[in-house]
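The file coords.cif comes next; it holds mmCIF, C-alpha atoms and all ligand atoms.
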data_query
loop_
_atom_site.group_PDB
_atom_site.id
_atom_site.type_symbol
_atom_site.label_atom_id
_atom_site.label_comp_id
_atom_site.auth_asym_id
_atom_site.auth_seq_id
_atom_site.Cartn_x
_atom_site.Cartn_y
_atom_site.Cartn_z
ATOM 1 C CA MET A 1 1.552 -23.483 3.042
ATOM 2 C CA LEU A 2 4.610 -22.087 1.233
ATOM 3 C CA ARG A 3 3.257 -18.578 1.887
ATOM 4 C CA SER A 4 2.970 -19.093 5.655
ATOM 5 C CA LEU A 5 6.419 -20.704 5.756
ATOM 6 C CA PHE A 6 7.854 -17.700 3.903
ATOM 7 C CA TYR A 7 6.163 -15.223 6.256
ATOM 8 C CA SER A 8 7.361 -17.138 9.312
ATOM 9 C CA LEU A 9 10.947 -16.133 8.374
ATOM 10 C CA PRO A 10 12.387 -12.929 9.872
ATOM 11 C CA PRO A 11 12.362 -9.951 7.415
ATOM 12 C CA SER A 12 16.088 -10.157 6.621
ATOM 13 C CA LEU A 13 15.909 -13.890 5.758
ATOM 14 C CA ARG A 14 12.804 -13.299 3.652
ATOM 15 C CA TYR A 15 14.811 -10.774 1.657
ATOM 16 C CA TRP A 16 17.532 -13.322 0.852
ATOM 17 C CA ALA A 17 15.056 -16.140 0.161
ATOM 18 C CA ARG A 18 13.296 -13.928 -2.396
ATOM 19 C CA ARG A 19 16.551 -12.846 -4.015
ATOM 20 C CA LEU A 20 17.687 -16.444 -4.385
ATOM 21 C CA TYR A 21 14.327 -17.673 -5.683
ATOM 22 C CA TYR A 22 14.173 -15.034 -8.416
ATOM 23 C CA PHE A 23 17.900 -15.000 -9.221
ATOM 24 C CA PRO A 24 17.591 -17.028 -12.486
ATOM 25 C CA VAL A 25 14.665 -15.032 -13.884
ATOM 26 C CA ASP A 26 16.177 -11.693 -12.815
ATOM 27 C CA THR A 27 19.474 -12.571 -14.466
ATOM 28 C CA TYR A 28 17.685 -13.609 -17.666
ATOM 29 C CA ASP A 29 15.484 -10.461 -17.708
ATOM 30 C CA GLY A 30 18.527 -8.279 -17.063
ATOM 31 C CA ILE A 31 20.476 -9.800 -19.981
ATOM 32 C CA MET A 32 17.493 -9.699 -22.370
ATOM 33 C CA GLY A 33 16.460 -6.169 -21.356
ATOM 34 C CA ASN A 34 12.971 -7.452 -20.463
ATOM 35 C CA ARG A 35 12.274 -4.942 -17.688
ATOM 36 C CA HIS A 36 10.684 -1.478 -17.781
ATOM 37 C CA PRO A 37 13.629 0.931 -17.213
ATOM 38 C CA LEU A 38 12.270 1.871 -13.762
ATOM 39 C CA GLN A 39 11.126 -1.603 -12.689
ATOM 40 C CA PRO A 40 13.136 -3.268 -9.900
ATOM 41 C CA PRO A 41 14.266 -6.898 -10.324
ATOM 42 C CA LYS A 42 11.664 -9.359 -8.937
ATOM 43 C CA GLY A 43 14.048 -10.528 -6.225
ATOM 44 C CA ILE A 44 14.002 -7.169 -4.454
ATOM 45 C CA ILE A 45 10.254 -6.485 -4.802
ATOM 46 C CA TYR A 46 9.455 -7.239 -1.152
ATOM 47 C CA THR A 47 5.978 -5.672 -1.390
ATOM 48 C CA GLY A 48 3.917 -8.551 -2.763
ATOM 49 C CA SER A 49 3.816 -11.048 -5.592
ATOM 50 C CA GLY A 50 1.318 -9.308 -7.916
ATOM 51 C CA ASP A 51 2.410 -7.977 -11.300
ATOM 52 C CA TYR A 52 4.325 -4.774 -10.438
ATOM 53 C CA LEU A 53 3.466 -2.860 -13.606
ATOM 54 C CA VAL A 54 -0.163 -4.002 -13.915
ATOM 55 C CA GLU A 55 -0.854 -2.830 -10.359
ATOM 56 C CA SER A 56 1.062 0.413 -10.784
ATOM 57 C CA TYR A 57 -0.552 1.609 -14.037
ATOM 58 C CA LYS A 58 -3.988 0.554 -12.781
ATOM 59 C CA ARG A 59 -3.680 2.859 -9.756
ATOM 60 C CA LEU A 60 -2.745 5.783 -11.992
ATOM 61 C CA GLU A 61 -5.828 5.110 -14.169
ATOM 62 C CA GLN A 62 -8.019 4.966 -11.056
ATOM 63 C CA LEU A 63 -6.564 8.213 -9.689
ATOM 64 C CA ARG A 64 -7.391 9.945 -12.966
ATOM 65 C CA GLU A 65 -10.858 8.430 -13.212
ATOM 66 C CA HIS A 66 -12.080 8.894 -9.638
ATOM 67 C CA CYS A 67 -9.794 11.420 -7.917
ATOM 68 C CA ASP A 68 -9.450 14.359 -10.355
ATOM 69 C CA PHE A 69 -5.758 13.560 -10.552
ATOM 70 C CA LYS A 70 -3.977 15.928 -12.966
ATOM 71 C CA SER A 71 -0.445 16.217 -14.302
ATOM 72 C CA ASN A 72 0.220 19.140 -11.937
ATOM 73 C CA SER A 73 -1.325 17.495 -8.848
ATOM 74 C CA SER A 74 0.510 16.882 -5.589
ATOM 75 C CA ILE A 75 0.288 13.413 -4.081
ATOM 76 C CA VAL A 76 1.414 11.623 -0.927
ATOM 77 C CA ASP A 77 2.138 7.879 -1.114
ATOM 78 C CA VAL A 78 2.015 6.404 2.391
ATOM 79 C CA GLY A 79 4.103 3.224 2.538
ATOM 80 C CA SER A 80 5.762 3.889 -0.813
ATOM 81 C CA GLY A 81 7.532 0.510 -0.794
ATOM 82 C CA ILE A 82 9.791 -0.030 -3.770
ATOM 83 C CA GLY A 83 8.203 2.561 -6.034
ATOM 84 C CA ARG A 84 5.237 0.665 -7.485
ATOM 85 C CA ILE A 85 2.884 3.659 -7.265
ATOM 86 C CA ALA A 86 5.592 6.192 -8.145
ATOM 87 C CA VAL A 87 6.889 4.579 -11.360
ATOM 88 C CA PRO A 88 3.904 5.351 -13.668
ATOM 89 C CA LEU A 89 3.523 8.785 -12.048
ATOM 90 C CA THR A 90 6.977 9.710 -13.406
ATOM 91 C CA GLU A 91 5.414 9.486 -16.886
ATOM 92 C CA TYR A 92 2.306 11.459 -15.908
ATOM 93 C CA LEU A 93 3.257 14.276 -13.520
ATOM 94 C CA ASP A 94 4.806 17.358 -15.114
ATOM 95 C CA SER A 95 7.347 19.635 -13.425
ATOM 96 C CA LYS A 96 4.541 21.413 -11.505
ATOM 97 C CA GLY A 97 3.347 18.099 -10.059
ATOM 98 C CA LYS A 98 4.815 16.824 -6.808
ATOM 99 C CA TYR A 99 5.172 13.340 -5.329
ATOM 100 C CA GLU A 100 6.089 12.575 -1.694
ATOM 101 C CA GLY A 101 6.470 9.040 -0.367
ATOM 102 C CA PHE A 102 7.672 7.516 2.877
ATOM 103 C CA ASP A 103 8.252 4.004 4.115
ATOM 104 C CA VAL A 104 9.680 2.020 7.023
ATOM 105 C CA VAL A 105 11.907 -0.261 4.885
ATOM 106 C CA LYS A 106 15.219 1.432 4.084
ATOM 107 C CA MET A 107 16.105 -0.805 1.147
ATOM 108 C CA GLY A 108 12.927 0.235 -0.735
ATOM 109 C CA VAL A 109 13.388 3.939 -0.013
ATOM 110 C CA ASP A 110 17.062 3.807 -1.043
ATOM 111 C CA TRP A 111 16.123 2.077 -4.304
ATOM 112 C CA CYS A 112 13.510 4.767 -5.040
ATOM 113 C CA LYS A 113 15.917 7.602 -4.289
ATOM 114 C CA LYS A 114 18.626 6.096 -6.477
ATOM 115 C CA ASN A 115 16.427 5.109 -9.405
ATOM 116 C CA ILE A 116 13.556 7.626 -9.329
ATOM 117 C CA SER A 117 14.493 10.848 -7.455
ATOM 118 C CA SER A 118 17.844 11.018 -9.258
ATOM 119 C CA LYS A 119 15.976 11.393 -12.578
ATOM 120 C CA TYR A 120 12.786 13.088 -11.332
ATOM 121 C CA PRO A 121 13.627 15.751 -8.712
ATOM 122 C CA ASN A 122 9.921 16.408 -7.963
ATOM 123 C CA PHE A 123 9.762 12.848 -6.530
ATOM 124 C CA ASN A 124 10.902 12.683 -2.915
ATOM 125 C CA PHE A 125 11.174 9.577 -0.705
ATOM 126 C CA GLN A 126 11.823 9.421 3.048
ATOM 127 C CA TYR A 127 12.861 6.513 5.214
ATOM 128 C CA ILE A 128 11.129 6.600 8.615
ATOM 129 C CA PRO A 129 12.009 3.732 10.988
ATOM 130 C CA LEU A 130 8.569 2.922 12.413
ATOM 131 C CA MET A 131 7.717 -0.463 13.915
ATOM 132 C CA ASN A 132 5.797 -3.046 11.857
ATOM 133 C CA ASP A 133 6.108 -6.683 12.894
ATOM 134 C CA LEU A 134 5.819 -7.930 9.306
ATOM 135 C CA TYR A 135 8.515 -5.706 7.848
ATOM 136 C CA ARG A 136 10.926 -4.935 10.691
ATOM 137 C CA SER A 137 12.030 -6.184 14.083
ATOM 138 C CA ASP A 138 12.235 -2.761 15.807
ATOM 139 C CA GLY A 139 11.256 0.858 15.316
ATOM 140 C CA GLU A 140 9.322 3.862 16.591
ATOM 141 C CA ASP A 141 5.647 3.911 17.498
ATOM 142 C CA PRO A 142 3.317 4.493 14.492
ATOM 143 C CA THR A 143 0.348 5.310 16.761
ATOM 144 C CA THR A 144 1.775 8.762 17.567
ATOM 145 C CA PHE A 145 3.679 9.404 14.348
ATOM 146 C CA ARG A 146 3.072 12.772 12.654
ATOM 147 C CA PHE A 147 3.496 12.699 8.844
ATOM 148 C CA PRO A 148 6.415 14.961 7.854
ATOM 149 C CA TYR A 149 4.216 17.396 5.880
ATOM 150 C CA ASP A 150 2.283 20.587 6.620
ATOM 151 C CA ASP A 151 -1.519 20.704 6.934
ATOM 152 C CA ASN A 152 -3.515 20.922 3.665
ATOM 153 C CA THR A 153 -0.539 20.116 1.417
ATOM 154 C CA PHE A 154 -1.758 17.478 -1.047
ATOM 155 C CA ASP A 155 -4.431 17.162 -3.751
ATOM 156 C CA SER A 156 -4.305 13.352 -3.584
ATOM 157 C CA CYS A 157 -3.133 10.368 -1.604
ATOM 158 C CA VAL A 158 -2.447 6.691 -2.252
ATOM 159 C CA ILE A 159 -2.201 4.109 0.524
ATOM 160 C CA ASN A 160 -1.906 0.866 -1.363
ATOM 161 C CA SER A 161 -1.745 -2.404 0.560
ATOM 162 C CA VAL A 162 -0.494 -0.669 3.718
ATOM 163 C CA PHE A 163 -3.488 -0.546 6.099
ATOM 164 C CA THR A 164 -3.958 -4.246 5.331
ATOM 165 C CA HIS A 165 -0.646 -4.567 7.243
ATOM 166 C CA MET A 166 -1.293 -2.215 10.157
ATOM 167 C CA VAL A 167 -3.314 -2.610 13.384
ATOM 168 C CA PRO A 168 -6.259 -0.328 14.345
ATOM 169 C CA GLU A 169 -4.503 2.110 16.702
ATOM 170 C CA GLU A 170 -1.947 2.754 13.942
ATOM 171 C CA VAL A 171 -4.502 3.085 11.147
ATOM 172 C CA ASP A 172 -6.597 5.379 13.360
ATOM 173 C CA ASN A 173 -3.641 7.753 13.738
ATOM 174 C CA TYR A 174 -2.704 7.499 10.045
ATOM 175 C CA MET A 175 -6.245 8.297 8.866
ATOM 176 C CA GLY A 176 -6.162 11.463 11.010
ATOM 177 C CA GLU A 177 -2.830 12.351 9.431
ATOM 178 C CA VAL A 178 -4.138 11.660 5.911
ATOM 179 C CA SER A 179 -7.022 14.023 6.579
ATOM 180 C CA ARG A 180 -4.679 16.650 8.035
ATOM 181 C CA VAL A 181 -2.270 16.721 5.077
ATOM 182 C CA LEU A 182 -4.939 16.543 2.315
ATOM 183 C CA LYS A 183 -6.422 19.792 1.038
ATOM 184 C CA LYS A 184 -10.190 20.207 1.445
ATOM 185 C CA GLY A 185 -11.751 18.313 -1.471
ATOM 186 C CA GLY A 186 -8.530 16.309 -1.891
ATOM 187 C CA LYS A 187 -9.155 12.723 -2.990
ATOM 188 C CA GLY A 188 -7.320 9.467 -2.882
ATOM 189 C CA ILE A 189 -7.149 5.699 -2.902
ATOM 190 C CA ILE A 190 -6.859 3.527 0.202
ATOM 191 C CA THR A 191 -6.995 -0.257 0.097
ATOM 192 C CA PHE A 192 -8.434 -2.417 2.870
ATOM 193 C CA PHE A 193 -9.776 -5.859 3.583
ATOM 194 C CA ILE A 194 -13.344 -4.948 4.572
ATOM 195 C CA ILE A 195 -15.506 -7.292 6.635
ATOM 196 C CA ASN A 196 -19.204 -6.925 5.840
ATOM 197 C CA GLU A 197 -22.117 -9.205 4.929
ATOM 198 C CA VAL A 198 -20.816 -9.809 1.424
ATOM 199 C CA SER A 199 -17.247 -10.666 2.381
ATOM 200 C CA GLU A 200 -18.469 -12.758 5.367
ATOM 201 C CA SER A 201 -20.668 -14.785 3.048
ATOM 202 C CA ASN A 202 -17.868 -15.171 0.483
ATOM 203 C CA MET A 203 -15.415 -16.317 3.159
ATOM 204 C CA SER A 204 -17.853 -18.968 4.371
ATOM 205 C CA LYS A 205 -18.452 -20.359 0.866
ATOM 206 C CA HIS A 206 -15.248 -19.893 -1.075
ATOM 207 C CA ASP A 207 -11.580 -20.526 -0.928
ATOM 208 C CA GLY A 208 -10.336 -16.955 -0.527
ATOM 209 C CA PHE A 209 -8.483 -15.297 2.353
ATOM 210 C CA LYS A 210 -9.659 -16.244 5.857
ATOM 211 C CA PHE A 211 -9.299 -14.087 8.955
ATOM 212 C CA LYS A 212 -9.580 -16.575 11.822
ATOM 213 C CA HIS A 213 -8.954 -14.232 14.751
ATOM 214 C CA ASP A 214 -11.970 -12.019 15.406
ATOM 215 C CA LEU A 215 -11.054 -9.106 17.679
ATOM 216 C CA GLY A 216 -14.325 -7.168 17.471
ATOM 217 C CA HIS A 217 -13.869 -4.299 15.061
ATOM 218 C CA TYR A 218 -10.995 -5.998 13.236
ATOM 219 C CA ARG A 219 -9.643 -9.439 12.402
ATOM 220 C CA LEU A 220 -6.204 -10.920 12.067
ATOM 221 C CA MET A 221 -4.983 -13.747 9.907
ATOM 222 C CA ASP A 222 -2.027 -14.498 12.140
ATOM 223 C CA GLU A 223 -1.919 -13.650 15.850
ATOM 224 C CA LYS A 224 1.852 -14.088 16.023
ATOM 225 C CA VAL A 225 2.609 -11.650 13.189
ATOM 226 C CA LYS A 226 -0.250 -9.192 13.685
ATOM 227 C CA SER A 227 0.568 -7.038 10.662
ATOM 228 C CA ALA A 228 0.685 -10.032 8.308
ATOM 229 C CA ASN A 229 -2.910 -9.330 7.233
ATOM 230 C CA VAL A 230 -5.495 -7.181 9.004
ATOM 231 C CA ALA A 231 -9.184 -6.775 8.061
ATOM 232 C CA TYR A 232 -11.536 -4.042 9.294
ATOM 233 C CA ASN A 233 -15.250 -4.162 9.989
ATOM 234 C CA GLU A 234 -17.352 -1.973 7.721
ATOM 235 C CA ASP A 235 -18.966 -0.027 10.614
ATOM 236 C CA TYR A 236 -15.627 0.748 12.261
ATOM 237 C CA LEU A 237 -14.219 1.836 8.914
ATOM 238 C CA GLN A 238 -17.136 4.147 8.153
ATOM 239 C CA GLU A 239 -17.509 5.670 11.614
ATOM 240 C CA THR A 240 -14.033 5.761 13.171
ATOM 241 C CA LEU A 241 -11.678 5.753 10.215
ATOM 242 C CA LEU A 242 -13.686 7.928 7.803
ATOM 243 C CA ARG A 243 -16.443 10.051 9.376
ATOM 244 C CA LYS A 244 -14.577 11.001 12.554
ATOM 245 C CA LYS A 245 -11.547 11.959 10.481
ATOM 246 C CA GLY A 246 -13.480 14.267 8.147
ATOM 247 C CA LEU A 247 -13.262 11.878 5.203
ATOM 248 C CA LYS A 248 -15.998 10.284 3.105
ATOM 249 C CA GLU A 249 -16.174 7.365 0.703
ATOM 250 C CA ILE A 250 -16.855 8.416 -2.902
ATOM 251 C CA HIS A 251 -16.416 5.113 -4.722
ATOM 252 C CA ARG A 252 -15.451 1.502 -4.051
ATOM 253 C CA ILE A 253 -14.088 -1.455 -5.992
ATOM 254 C CA HIS A 254 -14.681 -4.790 -4.275
ATOM 255 C CA GLY A 255 -11.535 -6.906 -4.217
ATOM 256 C CA PHE A 256 -11.607 -10.632 -4.894
ATOM 257 C CA TRP A 257 -9.756 -11.530 -1.653
ATOM 258 C CA SER A 258 -12.841 -12.967 0.061
ATOM 259 C CA HIS A 259 -13.845 -15.372 -2.729
ATOM 260 C CA GLY A 260 -10.514 -15.852 -4.493
ATOM 261 C CA ILE A 261 -12.014 -15.724 -8.009
ATOM 262 C CA ARG A 262 -9.987 -13.543 -10.339
ATOM 263 C CA LYS A 263 -11.607 -12.928 -13.721
ATOM 264 C CA ASP A 264 -9.133 -10.504 -15.237
ATOM 265 C CA LYS A 265 -5.478 -9.760 -14.533
ATOM 266 C CA LYS A 266 -6.481 -6.167 -13.705
ATOM 267 C CA ASP A 267 -8.952 -7.259 -10.988
ATOM 268 C CA ASP A 268 -8.137 -5.868 -7.557
ATOM 269 C CA PHE A 269 -7.339 -8.319 -4.779
ATOM 270 C CA GLN A 270 -7.926 -5.893 -1.907
ATOM 271 C CA ASP A 271 -10.985 -3.656 -1.540
ATOM 272 C CA VAL A 272 -10.208 -0.273 -3.051
ATOM 273 C CA LEU A 273 -11.766 2.715 -1.321
ATOM 274 C CA PHE A 274 -11.831 6.124 -2.960
ATOM 275 C CA VAL A 275 -12.068 8.870 -0.351
ATOM 276 C CA GLU A 276 -12.496 12.628 -0.238
ATOM 277 C CA LYS A 277 -11.632 15.100 2.515
ATOM 278 C CA ILE A 278 -14.833 16.940 3.384
HETATM 279 C C1 LIG A 301 2.511 -4.545 0.674
HETATM 280 S S1 LIG A 301 3.630 -3.247 0.788
HETATM 281 C C2 LIG A 301 2.948 -2.054 -0.332
HETATM 282 C C3 LIG A 301 3.937 -1.035 -0.773
HETATM 283 C C4 LIG A 301 3.423 -0.012 -1.775
HETATM 284 N N1 LIG A 301 2.353 0.784 -1.214
HETATM 285 C C5 LIG A 301 2.982 -0.708 -3.032
HETATM 286 O O1 LIG A 301 1.775 -0.737 -3.312
HETATM 287 O O2 LIG A 301 3.837 -1.263 -3.724
HETATM 288 C C6 LIG A 301 3.326 -2.523 2.377
HETATM 289 C C7 LIG A 301 4.277 -1.378 2.646
HETATM 290 O O3 LIG A 301 3.873 -0.707 3.835
HETATM 291 C C8 LIG A 301 5.053 -0.315 4.503
HETATM 292 N N2 LIG A 301 4.699 -0.004 5.899
HETATM 293 C C9 LIG A 301 4.445 -0.865 6.901
HETATM 294 N N3 LIG A 301 4.171 -0.199 8.032
HETATM 295 C C10 LIG A 301 4.231 1.121 7.738
HETATM 296 C C11 LIG A 301 4.053 2.307 8.479
HETATM 297 N N4 LIG A 301 3.756 2.284 9.779
HETATM 298 N N5 LIG A 301 4.193 3.483 7.843
HETATM 299 C C12 LIG A 301 4.500 3.528 6.515
HETATM 300 N N6 LIG A 301 4.697 2.437 5.768
HETATM 301 C C13 LIG A 301 4.568 1.246 6.355
HETATM 302 C C14 LIG A 301 5.964 -1.501 4.309
HETATM 303 O O4 LIG A 301 7.302 -1.221 4.575
HETATM 304 C C15 LIG A 301 5.701 -1.833 2.853
HETATM 305 O O5 LIG A 301 6.549 -1.118 1.999
#

Once you've parsed the file, please lay out its structure as structure tokens.
Amino acid sequence: MLRSLFYSLPPSLRYWARRLYYFPVDTYDGIMGNRHPLQPPKGIIYTGSGDYLVESYKRLEQLREHCDFKSNSSIVDVGSGIGRIAVPLTEYLDSKGKYEGFDVVKMGVDWCKKNISSKYPNFNFQYIPLMNDLYRSDGEDPTTFRFPYDDNTFDSCVINSVFTHMVPEEVDNYMGEVSRVLKKGGKGIITFFIINEVSESNMSKHDGFKFKHDLGHYRLMDEKVKSANVAYNEDYLQETLLRKKGLKEIHRIHGFWSHGIRKDKKDDFQDVLFVEKI
């Protein structure tokens, strides 16, 4: 209820509502020195309510475990938000490693440039004003957007909680771009809400996320704000978003979104797909 009310606000009002809500705790944490030196105050973390550091360090662990991610690897972070993926990488990548991120929200990119790139010059962030009805009220068309990198540039990619906020024509283009900029054999993490027999059955029995609007190969939670939450059918994902783009699935962690039962604070909410460029 509170969640849908919050998301019914325009992006700029949401920003101020969040800042106000977290003002007391942010002030207290600031005075007590309770924050990781590179962690933004809660009031400006516009990218979700999960624990910033738990999520961030978990992704680094997963990159190392499943994606051959090394301290000298190069990585692209699509939808880099307010640095959640980048922060632990600053402790892991050495001077030969390279991080590139881009996002459509200027405030997040500016924060990353000021707080991360200023100390770690091999971390680069770009603001690109592309349309997304959850995060902005205008912008350029993401369905024809070309990532600002050369072909075969990166060893790895992370796209964390971004395609869960983009519609199929956009994700279709982005998956082609991911494949283009990854080196052959490059690996990465992409999160989705995946509709298949298991998640269908969970949704019918449990109190997790529901996607009421069935549009064939994808489903929406909210028809008015399409990017609020988007889920993709397994077949469409495998055939159109992976196989046709020269990518394959190498591992998967099932998120708890469809049943809502979290057993450990490190459990993933969204489905986590590990992919490789063939
Ligand atoms: C839930 S946040 C996740 C941010 C970040 N990946 C993380 O895990 O903290 C979704 C992000 O996707 C970004 N985004 C939305 N549409 C995008 C697009 N077309 N291209 C790149 N980023 C986009 C938003 O601005 C937002 O920062």

Near ligand LIG 301 (chain A), 7 Å: chain A residue rows, closest pairs, all atoms listed in the file, as JSON lines:
{"residue": "A:Thr47", "atom": "CA", "partner": "A:LIG301", "partner_atom": "S1", "distance": 4.0}
{"residue": "A:Gly48", "atom": "CA", "partner": "A:LIG301", "partner_atom": "C1", "distance": 5.5}
{"residue": "A:Val78", "atom": "CA", "partner": "A:LIG301", "partner_atom": "C12", "distance": 5.6}
{"residue": "A:Gly79", "atom": "CA", "partner": "A:LIG301", "partner_atom": "N6", "distance": 3.4}
{"residue": "A:Ser80", "atom": "CA", "partner": "A:LIG301", "partner_atom": "N1", "distance": 4.6}
{"residue": "A:Gly81", "atom": "CA", "partner": "A:LIG301", "partner_atom": "O5", "distance": 3.4}
{"residue": "A:Ile82", "atom": "CA", "partner": "A:LIG301", "partner_atom": "O2", "distance": 6.1}
{"residue": "A:Gly83", "atom": "CA", "partner": "A:LIG301", "partner_atom": "O2", "distance": 6.2}
{"residue": "A:Arg84", "atom": "CA", "partner": "A:LIG301", "partner_atom": "O2", "distance": 4.5}
{"residue": "A:Ile85", "atom": "CA", "partner": "A:LIG301", "partner_atom": "O1", "distance": 6.0}
{"residue": "A:Phe102", "atom": "CA", "partner": "A:LIG301", "partner_atom": "C12", "distance": 6.3}
{"residue": "A:Asp103", "atom": "CA", "partner": "A:LIG301", "partner_atom": "N6", "distance": 4.2}
{"residue": "A:Val104", "atom": "CA", "partner": "A:LIG301", "partner_atom": "O4", "distance": 4.7}
{"residue": "A:Val105", "atom": "CA", "partner": "A:LIG301", "partner_atom": "O4", "distance": 4.7}
{"residue": "A:Leu130", "atom": "CA", "partner": "A:LIG301", "partner_atom": "N4", "distance": 5.5}
{"residue": "A:Met131", "atom": "CA", "partner": "A:LIG301", "partner_atom": "N4", "distance": 6.4}
{"residue": "A:Asn132", "atom": "CA", "partner": "A:LIG301", "partner_atom": "N3", "distance": 5.0}
{"residue": "A:Tyr135", "atom": "CA", "partner": "A:LIG301", "partner_atom": "O4", "distance": 5.7}
{"residue": "A:Pro142", "atom": "CA", "partner": "A:LIG301", "partner_atom": "N4", "distance": 5.2}
{"residue": "A:Ile159", "atom": "CA", "partner": "A:LIG301", "partner_atom": "N1", "distance": 5.9}
{"residue": "A:Asn160", "atom": "CA", "partner": "A:LIG301", "partner_atom": "N1", "distance": 4.3}
{"residue": "A:Ser161", "atom": "CA", "partner": "A:LIG301", "partner_atom": "C1", "distance": 4.8}
{"residue": "A:Val162", "atom": "CA", "partner": "A:LIG301", "partner_atom": "O3", "distance": 4.4}
{"residue": "A:His165", "atom": "CA", "partner": "A:LIG301", "partner_atom": "C9", "distance": 6.3}
{"residue": "A:Met166", "atom": "CA", "partner": "A:LIG301", "partner_atom": "N3", "distance": 6.2}

Under the PyMOL selection byres (((chain A and resi 224-239) around 10) and not hetatm), which residues of this model are included? Write them out as JSON, numbers by chain. {"A": [4, 7, 8, 132, 133, 134, 135, 161, 162, 163, 164, 165, 166, 167, 168, 172, 192, 193, 194, 195, 196, 197, 209, 210, 211, 213, 214, 215, 216, 217, 218, 219, 220, 221, 222, 223, 240, 241, 242, 243, 244, 245, 247, 248, 249]}

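Atom pair atom CA of Arg252 of chain A / atom CA of Val272 of chain A has a distance of 5.6 Å (rounded to one decimal).
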
For Gly260 of chain A, work out the shell of residues within 8 Å, counting only C-alpha atoms and skipping chain neighbours fewer than 6 positions away, then give it as a short mmCIF file (atom, residue, chain, number, x, y, z; two decimals) with C-alpha atoms, in the coordinates of the input.
data_model
loop_
_atom_site.label_atom_id
_atom_site.label_comp_id
_atom_site.auth_asym_id
_atom_site.auth_seq_id
_atom_site.Cartn_x
_atom_site.Cartn_y
_atom_site.Cartn_z
CA HIS A 206 -15.25 -19.89 -1.08
CA ASP A 207 -11.58 -20.53 -0.93
CA GLY A 208 -10.34 -16.95 -0.53
CA PHE A 209 -8.48 -15.30 2.35
#

| query | So which residues are close to (-13.7, 7.7, -3.3), meaning at most 12 Å away in the file's coordinates with all atoms listed in the file counted, and can you show them as number ranges by chain? | reply | A: 62-68, 156-158, 185-191, 242, 247-253, 271-278

Please save C-alpha atoms of the selected residues as a tab-separated table (two decimals), in the coordinates of the input.
chain	number	residue	atom	x	y	z
A	62	GLN	CA	-8.02	4.97	-11.06
A	63	LEU	CA	-6.56	8.21	-9.69
A	64	ARG	CA	-7.39	9.94	-12.97
A	65	GLU	CA	-10.86	8.43	-13.21
A	66	HIS	CA	-12.08	8.89	-9.64
A	67	CYS	CA	-9.79	11.42	-7.92
A	68	ASP	CA	-9.45	14.36	-10.36
A	156	SER	CA	-4.30	13.35	-3.58
A	157	CYS	CA	-3.13	10.37	-1.60
A	158	VAL	CA	-2.45	6.69	-2.25
A	185	GLY	CA	-11.75	18.31	-1.47
A	186	GLY	CA	-8.53	16.31	-1.89
A	187	LYS	CA	-9.15	12.72	-2.99
A	188	GLY	CA	-7.32	9.47	-2.88
A	189	ILE	CA	-7.15	5.70	-2.90
A	190	ILE	CA	-6.86	3.53	0.20
A	191	THR	CA	-7.00	-0.26	0.10
A	242	LEU	CA	-13.69	7.93	7.80
A	247	LEU	CA	-13.26	11.88	5.20
A	248	LYS	CA	-16.00	10.28	3.10
A	249	GLU	CA	-16.17	7.36	0.70
A	250	ILE	CA	-16.86	8.42	-2.90
A	251	HIS	CA	-16.42	5.11	-4.72
A	252	ARG	CA	-15.45	1.50	-4.05
A	253	ILE	CA	-14.09	-1.46	-5.99
A	271	ASP	CA	-10.98	-3.66	-1.54
A	272	VAL	CA	-10.21	-0.27	-3.05
A	273	LEU	CA	-11.77	2.72	-1.32
A	274	PHE	CA	-11.83	6.12	-2.96
A	275	VAL	CA	-12.07	8.87	-0.35
A	276	GLU	CA	-12.50	12.63	-0.24
A	277	LYS	CA	-11.63	15.10	2.52
A	278	ILE	CA	-14.83	16.94	3.38

Shell around segment 13-23 of chain A at 9 Å using all atoms listed in the file, local window under 5 positions removed, as a list in words: Phe6, Tyr7, Ser8, Tyr28, Pro41, Lys42, Gly43, Ile44, Ile45 and Tyr46 of chain A

Practice problem: I need the residue set behind the PyMOL selection byres (((chain A and resi 127) around 9) and not hetatm) for this file; please write it as an MDAnalysis selection string. | Solution: chainID A and resid 101:110 125:126 128:129

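Computed from the coordinates, the atom CA of Val181 of chain A to atom CA of Ile75 of chain A distance equals 10.1 Å.
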
Mind writing segment 53-71 of chain A to a file for me, with C-alpha atoms, as a compact mmCIF listing (two decimals), in the first residue's frame?
# COMPACT_ATOMS: atom_id res chain seq x y z
CA LEU A 53 26.34 -3.19 1.38
CA VAL A 54 24.94 -6.73 1.65
CA GLU A 55 23.77 -6.57 -1.97
CA SER A 56 26.97 -4.96 -3.20
CA TYR A 57 29.47 -7.38 -1.61
CA LYS A 58 27.29 -10.35 -2.59
CA ARG A 59 27.52 -9.41 -6.28
CA LEU A 60 31.30 -9.18 -6.07
CA GLU A 61 31.42 -12.68 -4.49
CA GLN A 62 29.16 -14.02 -7.25
CA LEU A 63 31.29 -12.42 -9.98
CA ARG A 64 34.37 -14.11 -8.56
CA GLU A 65 32.66 -17.46 -8.08
CA HIS A 66 30.81 -17.77 -11.39
CA CYS A 67 32.30 -15.25 -13.83
CA ASP A 68 36.10 -15.65 -13.57
CA PHE A 69 36.24 -12.09 -12.30
CA LYS A 70 39.82 -11.07 -11.47
CA SER A 71 41.44 -8.00 -9.97
